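> Here it is: the structure, laid out below.
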Amino acid sequence: MAAVDPSEVSLNDLLKTARENTKLIEDHGARTSQQYKDLVLTTLDALDRVSVTVASLHLFSNNEAVDDVSTSSLKFMLVNAYQGLVHQQHYDFANRKAHILAAKEYFKDFHHLVQLYGLAKGTEFELNRLDNPVNEGNREAKMQKYKDKKELEEKLAELERRDHVEEEVQRDIHLSHVKLWIMRAEEELYNINSELPMLEHMEKMRGGLVKPQPIIKPKIMKPFILVKSELQKQVYGAGYPSLPTITLDEYYETELKKIVEQQNAEKNAPKPVEPEDPDAETEESLYKDRAWSDWKDTHKRGWGNRHNRS
């Protein structure tokens, strides 16, 4: 494993600029503007260059522990996470699915790296999770994660406020950033897995493979005046000749009639004919099988017409 040479300022500056641009992309208000698109492309280009350089320097290895990684190299663990986030924030709608899939792969690469160094457990990082059931266990786990995240953010803010930071503290800062991004990446992967089915459905609609559902207009009831008695019906009916007037009893009878008609229609509707099960045994088939078995017991093979035999 190689450590980052302090003289290699360009690589550190490139990562710092890309990290700052990632923050600008997240906070940008006009995501359809050309300025935003240029910022995304510039940041992706910078992160790609950092990623290639990190790979060529062999900063990380699959046969070492996190304690073996130099303090100056720890921050480069986040390159794939930054790439995933920037691709996810890319709002080129014509190629949205491609960017989302790229983001998913970068987040998975980031997870693979931090899992390799024992910083994340596989059970904590459900890469393909689509559902989000609300149950007591899930609620408690989410509350605990939120609490852990807030504590880590407060700790990180306190460490970064210090003027002079020793190497041990600087190492703690880098590892805290990595742990925060492990939580962030898990959230973003859930968002990606939720968005992908919608993008695939839109693709099918554009290709004519899925027809949009027709809009069913609800049946509009004509207005009427509901009164308590026949006397009120005559009074209100005289004042509002354009609106029908019915009593409560008439209204209940009308609704009851509709319910009875619906129940009768369902009752008289022909029941669907279930296909016969070829393997199901009926009484008739059982009777025939038994008769055939009895006949074979009393008629040995070869018997039959013995006429004209010597």
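Please note that chains go A, B, ... in the order of the structure tokens, that every chain numbers its residues from 1, and that ligands are numbered from 1 in the order shown.
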Neighbouring residues of stretch 93-95 of chain A were defined as those with any atom within 12 Å, considering only C-alpha atoms; residues of the same chain fewer than 2 positions away were excluded. Please report them as an NGL selection string.

:A and (31-32 or 37 or 87-91 or 97-102 or 199-200 or 202-203 or 206)

> DSSP on the backbone: which residues in stretch 31-237 of chain A end up as alpha helix (DSSP H)? Give the answer as a PyMOL selection string.

chain A and resi 34-57+71-74+79-88+96-116+136-160+167-206+230-237

> Using only C-alpha atoms, which protein or nucleic acid residues come within 12 Å of A:Ala157? Drop anything in the same chain fewer than 5 positions from it, and give the result as a ChimeraX atom specification.

/A:150-152,162,172-173,176-177

> Go through A:Asp68, A:Leu15, A:Gln263, A:Leu24 one by one, measure the shortest atom-to-atom distance of each to A:Tyr36 using only C-alpha atoms, and give the residue with the smallest value.

A:Leu24

> Report, in Å with one decimal, the straight-line distance from atom CA of A:Asn80 to atom CA of A:Ser51.

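Interatomic distance, atom CA of A:Asn80 to atom CA of A:Ser51: 7.7 Å.
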
> For A:Met77, list every protein, DNA or RNA residue within 10 Å, evaluated using only C-alpha atoms, and leave out those in the same chain fewer than 6 positions away; present the list as a ChimeraX atom specification.

/A:51,54,59-60,110-111,113-114,174-175,177-178
